[in-house]
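Structure file data_26.txt; described as compact mmCIF, C-alpha atoms and all ligand atoms.
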# COMPACT_ATOMS: atom_id res chain seq x y z
CA MET A 236 190.88 212.18 59.54
CA ARG A 237 191.94 212.54 63.16
CA ILE A 238 192.99 209.57 65.29
CA ILE A 239 192.32 209.89 69.02
CA GLU A 240 193.82 207.37 71.41
CA SER A 241 193.30 208.97 74.82
CA LEU A 242 190.04 209.35 76.72
CA GLU A 243 190.99 212.90 77.70
CA GLU A 244 191.45 213.99 74.08
CA MET A 245 188.16 212.34 73.10
CA ARG A 246 186.35 214.15 75.90
CA GLU A 247 187.83 217.47 74.80
CA ALA A 248 186.89 216.86 71.16
CA ALA A 249 183.33 215.97 72.24
CA ALA A 250 183.10 219.13 74.36
CA GLU A 251 184.26 221.26 71.40
CA LEU A 252 181.61 219.68 69.16
CA ALA A 253 178.93 220.31 71.76
CA ALA A 254 180.06 223.92 72.24
CA GLY A 255 179.94 224.47 68.48
CA ARG A 256 176.47 222.84 68.42
CA ARG A 257 177.66 220.40 65.78
CA SER A 258 175.80 217.10 65.57
CA SER A 259 177.90 213.97 65.78
CA GLY A 260 177.32 210.36 64.76
CA LEU A 261 179.08 207.50 66.53
CA VAL A 262 179.67 204.13 64.89
CA PRO A 263 180.96 201.77 67.61
CA THR A 264 183.02 198.91 66.14
CA MET A 265 185.60 196.34 67.10
CA GLY A 266 187.48 196.97 63.85
CA ALA A 267 188.07 194.47 61.02
CA LEU A 268 185.79 196.81 59.13
CA HIS A 269 183.66 195.54 56.27
CA GLU A 270 180.93 196.92 54.00
CA GLY A 271 178.37 196.55 56.81
CA HIS A 272 180.36 198.94 59.02
CA LEU A 273 181.02 201.26 56.09
CA SER A 274 177.30 201.52 55.36
CA LEU A 275 176.80 202.78 58.95
CA MET A 276 179.64 205.29 58.57
CA ARG A 277 178.31 206.63 55.26
CA ARG A 278 174.86 207.00 56.75
CA SER A 279 176.29 208.84 59.75
CA ALA A 280 178.39 211.09 57.51
CA GLY A 281 175.22 212.02 55.59
CA GLU A 282 173.26 212.81 58.77
CA ASN A 283 175.77 214.50 61.09
CA GLY A 284 178.31 217.30 61.10
CA VAL A 285 181.00 214.93 62.38
CA THR A 286 181.32 211.15 62.31
CA VAL A 287 183.28 209.30 64.97
CA VAL A 288 184.15 205.62 64.63
CA SER A 289 185.38 203.79 67.69
CA ILE A 290 187.66 200.82 67.12
CA PHE A 291 188.04 198.83 70.30
CA VAL A 292 188.08 195.04 70.67
CA ASN A 293 186.21 194.98 73.95
CA PRO A 294 187.59 192.24 76.21
CA ALA A 295 184.58 192.52 78.54
CA GLN A 296 182.19 191.02 76.00
CA PHE A 297 184.19 187.83 75.39
CA SER A 298 184.03 184.91 77.78
CA PRO A 299 187.35 183.12 78.50
CA GLU A 300 186.46 180.33 76.00
CA GLU A 301 185.70 182.79 73.21
CA ASP A 302 187.77 184.23 70.38
CA TYR A 303 189.13 187.47 71.91
CA ASP A 304 192.74 186.62 70.98
CA SER A 305 191.93 185.49 67.46
CA TYR A 306 189.37 188.23 66.76
CA PRO A 307 190.63 189.84 63.52
CA ARG A 308 192.64 193.05 63.93
CA THR A 309 193.31 194.98 60.72
CA TRP A 310 194.28 198.47 61.88
CA GLU A 311 195.89 199.88 58.72
CA GLU A 312 193.09 198.61 56.45
CA ASP A 313 190.52 199.94 58.91
CA LEU A 314 191.96 203.43 58.81
CA ALA A 315 191.90 203.53 55.00
CA ALA A 316 188.31 202.17 54.95
CA ALA A 317 187.07 204.67 57.57
CA LYS A 318 188.65 207.55 55.67
CA SER A 319 187.01 206.44 52.42
CA ALA A 320 183.61 206.36 54.18
CA GLY A 321 183.86 210.00 55.28
CA VAL A 322 184.84 209.45 58.93
CA ASP A 323 186.25 212.50 60.75
CA ILE A 324 187.55 210.91 63.95
CA VAL A 325 188.74 207.39 64.73
CA PHE A 326 188.65 206.81 68.48
CA HIS A 327 190.99 203.96 69.42
CA PRO A 328 191.39 203.70 73.19
CA GLY A 329 193.51 201.08 74.95
CA ALA A 330 191.92 198.39 77.14
CA GLU A 331 193.80 199.65 80.22
CA GLN A 332 192.23 203.11 79.75
CA MET A 333 188.71 201.82 79.20
CA TYR A 334 188.98 199.40 82.13
CA PRO A 335 191.41 200.86 84.65
CA PRO A 336 192.50 198.63 87.53
CA ARG A 337 189.87 198.29 90.26
CA SER A 338 186.94 199.06 87.91
CA GLN A 339 183.82 197.74 89.59
CA THR A 340 180.93 199.16 87.61
CA SER A 341 178.98 197.61 84.78
CA VAL A 342 175.72 198.22 82.94
CA MET A 343 173.27 195.35 82.64
CA VAL A 344 170.00 195.12 80.72
CA HIS A 345 168.27 192.17 82.34
CA GLY A 346 165.31 190.49 80.61
CA LEU A 347 166.21 191.16 76.98
CA THR A 348 169.63 189.54 77.38
CA ARG A 349 168.35 186.21 78.69
CA GLY A 350 167.55 184.45 75.41
CA LEU A 351 169.18 184.03 71.98
CA CYS A 352 172.88 185.02 72.18
CA GLY A 353 172.47 185.68 75.91
CA MET A 354 171.54 182.04 76.36
CA SER A 355 174.36 180.66 74.25
CA ARG A 356 177.15 183.14 75.06
CA GLY A 357 175.93 184.02 78.55
CA GLN A 358 174.39 187.28 79.74
CA GLY A 359 177.91 188.48 80.58
CA HIS A 360 178.42 189.05 76.86
CA PHE A 361 175.71 191.71 76.81
CA ARG A 362 176.89 193.15 80.11
CA GLY A 363 180.23 193.74 78.36
CA VAL A 364 178.51 195.29 75.34
CA THR A 365 176.25 197.65 77.28
CA THR A 366 179.06 198.66 79.62
CA VAL A 367 181.41 199.60 76.80
CA VAL A 368 178.68 201.31 74.75
CA ALA A 369 177.62 203.36 77.81
CA LYS A 370 181.26 204.39 78.29
CA LEU A 371 181.53 205.34 74.61
CA PHE A 372 178.33 207.39 74.82
CA ASN A 373 179.74 209.24 77.85
CA LEU A 374 183.08 209.91 76.16
CA VAL A 375 181.87 210.83 72.66
CA ARG A 376 178.45 212.32 73.57
CA PRO A 377 177.05 211.55 70.11
CA THR A 378 173.79 212.96 68.78
CA ARG A 379 173.15 209.66 67.00
CA ALA A 380 174.70 206.18 67.21
CA TYR A 381 174.56 203.60 64.44
CA PHE A 382 174.24 199.82 64.83
CA GLY A 383 173.62 196.99 62.37
CA GLN A 384 170.50 194.85 62.28
CA LYS A 385 172.73 191.75 61.97
CA ASP A 386 173.21 192.02 65.74
CA ALA A 387 169.46 192.34 66.21
CA GLN A 388 169.45 191.47 69.92
CA GLN A 389 172.31 193.88 70.59
CA ALA A 390 170.36 196.69 68.89
CA VAL A 391 167.24 196.01 70.99
CA VAL A 392 169.30 195.80 74.19
CA ILE A 393 171.08 199.08 73.47
CA GLN A 394 167.80 200.83 72.67
CA ARG A 395 166.49 199.63 76.06
CA MET A 396 169.62 200.86 77.85
CA VAL A 397 169.32 204.29 76.21
CA LEU A 398 165.69 204.58 77.34
CA ASP A 399 166.32 203.25 80.83
CA LEU A 400 169.40 205.39 81.53
CA ASN A 401 168.19 208.51 79.69
CA PHE A 402 171.14 208.77 77.32
CA PRO A 403 170.48 211.76 75.01
CA VAL A 404 171.32 209.80 71.87
CA GLU A 405 169.21 208.61 68.96
CA ILE A 406 169.83 204.97 68.04
CA ILE A 407 169.72 204.21 64.32
CA VAL A 408 169.58 200.58 63.28
CA CYS A 409 170.68 199.94 59.69
CA PRO A 410 169.92 196.98 57.41
CA ILE A 411 172.15 193.91 57.18
CA VAL A 412 174.69 194.14 54.38
CA ARG A 413 175.30 190.83 52.61
CA GLU A 414 177.94 189.31 50.36
CA ASP A 415 176.77 188.61 46.76
CA ASP A 416 175.75 185.08 47.75
CA GLY A 417 173.71 186.30 50.75
CA LEU A 418 176.16 185.69 53.61
CA ALA A 419 175.72 188.43 56.23
CA MET A 420 178.89 190.50 56.43
CA SER A 421 180.78 189.97 59.67
CA SER A 422 184.31 190.59 60.88
CA ARG A 423 184.42 186.92 61.87
CA ASN A 424 183.90 185.83 58.24
CA ARG A 425 187.62 186.53 57.81
CA ASN A 426 188.39 183.71 60.23
CA LEU A 427 186.38 181.12 58.27
CA PRO A 428 188.69 178.46 56.89
CA PRO A 429 188.23 178.63 53.06
CA GLN A 430 186.92 175.05 52.88
CA TYR A 431 184.07 176.07 55.20
CA ARG A 432 183.09 179.24 53.34
CA PRO A 433 180.37 177.59 51.17
CA ARG A 434 178.87 175.99 54.31
CA ALA A 435 178.64 179.38 55.99
CA LEU A 436 175.47 179.94 53.96
CA ALA A 437 173.60 177.20 55.84
CA LEU A 438 171.98 179.59 58.31
CA ARG A 439 170.98 182.06 55.60
CA ARG A 440 169.42 179.23 53.58
CA ALA A 441 167.49 178.00 56.62
CA LEU A 442 166.15 181.52 57.23
CA GLU A 443 165.11 181.72 53.59
CA LEU A 444 163.34 178.38 53.94
CA GLY A 445 161.48 179.78 56.96
CA ARG A 446 160.41 182.81 54.96
CA LYS A 447 159.24 180.62 52.07
CA LEU A 448 157.15 178.44 54.41
CA ILE A 449 155.58 181.51 56.01
CA ARG A 450 154.78 182.89 52.58
CA GLU A 451 153.08 179.60 51.77
CA GLY A 452 150.91 180.03 54.86
CA GLU A 453 152.74 178.26 57.72
CA THR A 454 152.10 180.11 61.00
CA ASP A 455 153.27 177.57 63.59
CA PRO A 456 156.66 178.71 64.99
CA TYR A 457 157.41 175.23 66.29
CA LEU A 458 157.01 173.63 62.83
CA LEU A 459 158.95 176.46 61.22
CA ALA A 460 161.86 176.23 63.66
CA ASN A 461 161.90 172.48 63.24
CA ALA A 462 162.06 172.63 59.44
CA MET A 463 164.78 175.29 59.53
CA GLY A 464 166.79 173.47 62.19
CA GLN A 465 166.66 170.23 60.21
CA ARG A 466 167.93 172.05 57.14
CA ILE A 467 170.97 173.23 59.08
CA LEU A 468 171.64 169.91 60.74
CA MET A 469 171.70 168.13 57.37
CA ASP A 470 175.37 169.13 57.43
CA SER A 471 176.98 167.23 60.28
CA GLU A 472 179.90 169.67 60.44
CA ILE A 473 177.66 172.55 61.46
CA GLU A 474 176.83 173.12 65.09
CA LEU A 475 173.46 174.75 65.63
CA ASP A 476 173.68 177.13 68.54
CA TYR A 477 170.08 178.36 68.42
CA LEU A 478 167.32 179.19 65.98
CA GLU A 479 164.37 181.05 67.41
CA ILE A 480 161.27 182.92 66.36
CA VAL A 481 160.67 185.85 68.67
CA SER A 482 158.95 189.20 68.93
CA PRO A 483 161.30 191.86 67.51
CA GLU A 484 160.53 194.10 70.50
CA THR A 485 160.41 191.82 73.52
CA LEU A 486 162.62 189.04 72.07
CA GLU A 487 160.19 186.55 73.62
CA ALA A 488 159.12 183.45 71.67
CA VAL A 489 155.97 184.01 69.61
CA GLU A 490 153.13 181.51 69.78
CA LYS A 491 151.85 182.16 66.27
CA LEU A 492 153.14 183.96 63.20
CA ASP A 493 150.33 186.52 63.13
CA ASP A 494 152.53 189.61 63.30
CA LEU A 495 156.06 190.69 62.44
CA ALA A 496 158.57 188.28 63.99
CA LEU A 497 162.34 188.07 64.20
CA ILE A 498 163.83 184.75 63.18
CA ALA A 499 167.34 184.74 64.59
CA GLY A 500 169.98 182.05 64.65
CA ALA A 501 173.60 181.29 65.43
CA VAL A 502 175.76 178.46 64.14
CA LYS A 503 179.36 177.39 64.53
CA ILE A 504 181.20 176.42 61.37
CA GLY A 505 184.89 175.52 61.28
CA GLY A 506 185.28 176.97 64.78
CA VAL A 507 183.72 180.32 63.80
CA ARG A 508 180.45 181.54 65.29
CA LEU A 509 178.11 183.22 62.81
CA ILE A 510 174.76 184.89 63.42
CA ASP A 511 172.02 186.05 61.08
CA ASN A 512 168.34 186.96 61.22
CA ILE A 513 165.34 188.02 59.19
CA LEU A 514 162.21 189.96 60.02
CA VAL A 515 159.09 188.37 58.61
CA GLY A 516 155.36 188.22 59.19
CA PRO A 517 152.29 186.68 57.52
CA ASP A 518 152.28 189.57 55.00
CA GLY A 519 156.03 189.72 54.45
CA PRO A 520 158.46 191.31 53.97
CA TRP A 521 159.54 188.62 51.51
CA GLU A 522 162.93 190.13 50.75
CA ASP A 523 165.66 191.87 52.70
O1 LIG B 1 178.85 195.10 67.49
C1 LIG B 1 180.03 195.26 67.89
O2 LIG B 1 180.98 195.29 67.10
C2 LIG B 1 180.29 195.41 69.39
O3 LIG B 1 179.43 194.60 70.14
C3 LIG B 1 180.22 196.87 69.86
C4 LIG B 1 178.82 197.44 69.71
C5 LIG B 1 181.20 197.71 69.08
C6 LIG B 1 180.59 196.96 71.34
O4 LIG B 1 181.89 196.50 71.57
Once you've parsed the file, please lay out its structure as structure tokens.
Ligand code: PAF
Amino acid sequence: MRIIESLEEMREAAAELAAGRRSSGLVPTMGALHEGHLSLMRRSAGENGVTVVSIFVNPAQFSPEEDYDSYPRTWEEDLAAAKSAGVDIVFHPGAEQMYPPRSQTSVMVHGLTRGLCGMSRGQGHFRGVTTVVAKLFNLVRPTRAYFGQKDAQQAVVIQRMVLDLNFPVEIIVCPIVREDDGLAMSSRNRNLPPQYRPRALALRRALELGRKLIREGETDPYLLANAMGQRILMDSEIELDYLEIVSPETLEAVEKLDDLALIAGAVKIGGVRLIDNILVGPDGPWED
């Protein structure tokens, strides 16, 4: 497995791949790799000649109050995990290379970033994500890029950016990978104080309650969101950031559960922000 730390070397490697007409898969990450990331890497390794994983904790997507400094960094473990998942190249640029002094350009997807995490973290979060992902696409020139459904809004926003800016890359969104008890895998789970770990399931349980109520025939998003929100707020130590029922394509609130909908939420537990979501409609799916 090759480790590339300079933009120049990454550009050259990408040019060689293109010249050899070899397909490449990019898995953009911020490191602290877990099974969710590894599932994307394995899928890419099965579908492409070469798999590139970027590991870059992107300062531009954190607001000053957020956890950039405490975001987990586990470089040695990440390298071993990437190698075991069949990765060919780890691209690990420095922040000063990705954002040289006097940078003035960013990429912004407007409407889709207004709600959900855009509302609670600010649209600047997604501006940081789309800017860095656009840069990665330009540097790596992947045939395909892999993202997890856990960050459902991010996946929709990136698909929009790819369409709007004509990036020649296919976006593949892969299912959420969960711990045995159902907690969605996330790099931030590592920062959960152990006494809060059991509580981290609150959002998952609320989403399951929503699915159960829909299965029993409830179609009113307001009643559903209310029942799910109350379930979360039963625990006074959990902060509910948002819980919304939206169209999986437009991310706008749905008026009635008569088609597939995305139920997405974010909570803060023990100082750690966790997100999760399910896709569900009047005819299911009833499992994920
Ligand atoms: O999902 C993430 O880990 C990040 O938002 C991404 C896509 C790697 C961009 O920094």
Quote the spacing between atom O4 of ligand LIG 1 (chain B) and CA of Asp415 in chain A in Å to one decimal place. 26.5 Å
Contacts of Thr340 in chain A within 12 Å, only C-alpha atoms, excl. fewer than 3 positions in-chain, as a compact mmCIF listing (two decimals) with C-alpha atoms, in the frame of the given file:
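Okay, this is what ended up in selection-v4.txt:
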# COMPACT_ATOMS: atom_id res chain seq x y z
CA ALA A 295 184.58 192.52 78.54
CA MET A 333 188.71 201.82 79.20
CA TYR A 334 188.98 199.40 82.13
CA PRO A 335 191.41 200.86 84.65
CA PRO A 336 192.50 198.63 87.53
CA ARG A 337 189.87 198.29 90.26
CA MET A 343 173.27 195.35 82.64
CA ARG A 362 176.89 193.15 80.11
CA GLY A 363 180.23 193.74 78.36
CA THR A 365 176.25 197.65 77.28
CA THR A 366 179.06 198.66 79.62
CA VAL A 367 181.41 199.60 76.80
CA ALA A 369 177.62 203.36 77.81
CA LYS A 370 181.26 204.39 78.29
What do you get as a PyMOL selection string if you pick all residues at most 7 Å from ligand LIG 1 (chain B), counting all atoms listed in the file? chain A and resi 263-265+291-293+364+367-368+386
Same residues, C-alpha atoms, saved as a compact mmCIF listing (two decimals), in the frame of the given file:
# COMPACT_ATOMS: atom_id res chain seq x y z
CA PRO A 263 180.96 201.77 67.61
CA THR A 264 183.02 198.91 66.14
CA MET A 265 185.60 196.34 67.10
CA PHE A 291 188.04 198.83 70.30
CA VAL A 292 188.08 195.04 70.67
CA ASN A 293 186.21 194.98 73.95
CA VAL A 364 178.51 195.29 75.34
CA VAL A 367 181.41 199.60 76.80
CA VAL A 368 178.68 201.31 74.75
CA ASP A 386 173.21 192.02 65.74
To one decimal place, how far is CA of Leu252 in chain A from CA of Met276 in chain A in Å? 18.0 Å
Within-12 Å shell of (159.5, 189.6, 76.1) in input frame, all atoms listed in the file, as a list in words: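 The answer, in the requested form, is His345, Gly346, Leu347, Thr348, Arg349, Gly350, Leu351, Gln388, Val391, Val392, Ile480, Val481, Ser482, Pro483, Glu484, Thr485, Leu486, Glu487, Ala488 and Val489 of chain A.
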For the point (167.4, 204.0, 67.4) in the file's frame, write as a short mmCIF file (atom, residue, chain, number, x, y, z; two decimals) with C-alpha atoms, in the coordinates of the input all residues with an atom no more than 12 Å away, counting only C-alpha atoms.
data_model
loop_
_atom_site.label_atom_id
_atom_site.label_comp_id
_atom_site.auth_asym_id
_atom_site.auth_seq_id
_atom_site.Cartn_x
_atom_site.Cartn_y
_atom_site.Cartn_z
CA THR A 378 173.79 212.96 68.78
CA ARG A 379 173.15 209.66 67.00
CA ALA A 380 174.70 206.18 67.21
CA TYR A 381 174.56 203.60 64.44
CA PHE A 382 174.24 199.82 64.83
CA GLY A 383 173.62 196.99 62.37
CA GLN A 384 170.50 194.85 62.28
CA ALA A 387 169.46 192.34 66.21
CA GLN A 389 172.31 193.88 70.59
CA ALA A 390 170.36 196.69 68.89
CA VAL A 391 167.24 196.01 70.99
CA VAL A 392 169.30 195.80 74.19
CA ILE A 393 171.08 199.08 73.47
CA GLN A 394 167.80 200.83 72.67
CA ARG A 395 166.49 199.63 76.06
CA MET A 396 169.62 200.86 77.85
CA VAL A 397 169.32 204.29 76.21
CA LEU A 398 165.69 204.58 77.34
CA PHE A 402 171.14 208.77 77.32
CA PRO A 403 170.48 211.76 75.01
CA VAL A 404 171.32 209.80 71.87
CA GLU A 405 169.21 208.61 68.96
CA ILE A 406 169.83 204.97 68.04
CA ILE A 407 169.72 204.21 64.32
CA VAL A 408 169.58 200.58 63.28
CA CYS A 409 170.68 199.94 59.69
#
From the list A:Asn461, A:Ser259, A:Ser471, A:Thr309, which residue is nearest Arg434 in chain A when using only C-alpha atoms? A:Ser471
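Each of A:Gly500, A:Gly464, A:Pro520, A:Gly255 was compared to Met354 in chain A using all atoms listed in the file, and A:Gly500 turns out to be the nearest.
In this comparison, which uses all atoms listed in the file, the residue of A:Asp476, A:Glu282, A:Asp399, A:Asp518 approaching Ile504 in chain A most closely is A:Asp476.
CA of Ser289 in chain A is found 29.7 Å from CA of Tyr477 in chain A.
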I need the residue nearest Val322 in chain A from this list: A:Arg246, A:Lys503, A:Arg237, A:Arg432. Use all atoms listed in the file for the distance.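 Answer, going by the shortest atom-to-atom distance: A:Arg237.
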Need the shell around Leu492 in chain A: protein/DNA/RNA residues with any atom at most 10 Å away, counting only C-alpha atoms. Skip same-chain ones fewer than 2 positions apart. Format as a ChimeraX atom specification? /A:449,452-456,459,480-482,489-490,494-496,515-518
Which of A:Asn373, A:Met245, A:Pro429, A:Glu414 sits closest to Asn401 in chain A [using all atoms listed in the file]: A:Asn373
May I have the residues within 9 Å of Arg423 in chain A as a tab-separated table (two decimals) with C-alpha atoms, in the coordinates of the input, using only C-alpha atoms and disregarding those fewer than 4 positions away in the same chain?
chain	number	residue	atom	x	y	z
A	267	ALA	CA	188.07	194.47	61.02
A	306	TYR	CA	189.37	188.23	66.76
A	307	PRO	CA	190.63	189.84	63.52
A	427	LEU	CA	186.38	181.12	58.27
A	507	VAL	CA	183.72	180.32	63.80
A	508	ARG	CA	180.45	181.54	65.29
A	509	LEU	CA	178.11	183.22	62.81
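Between Trp521 in chain A and the residues A:Leu444, A:Val502, A:Leu475, A:Met420, the shortest atom-to-atom distance, using only C-alpha atoms, involves A:Leu444.
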Listed atoms of range 353-359 of chain A, axis-aligned box, 3 Å per side: centre and edge lengths to one decimal in Å, as lines of an AutoDock Vina configuration file?
center_x = 174.7
center_y = 184.6
center_z = 77.4
size_x = 12.4
size_y = 13.8
size_z = 12.3
Spatial neighbours of Asp416 in chain A, max dist 10 Å, only C-alpha atoms, sep filter under 5 positions, as number ranges by chain: A: 433, 436, 439
Just want the 9 Å neighbourhood of Ala280 in chain A, counted on all atoms listed in the file, with same-chain residues fewer than 2 positions away dropped. Output as a list in words. Ser259, Gly260, Leu275, Met276, Arg277, Arg278, Glu282, Asn283, Gly284, Val285, Thr286, Ala320, Gly321, Val322 and Asp323 of chain A
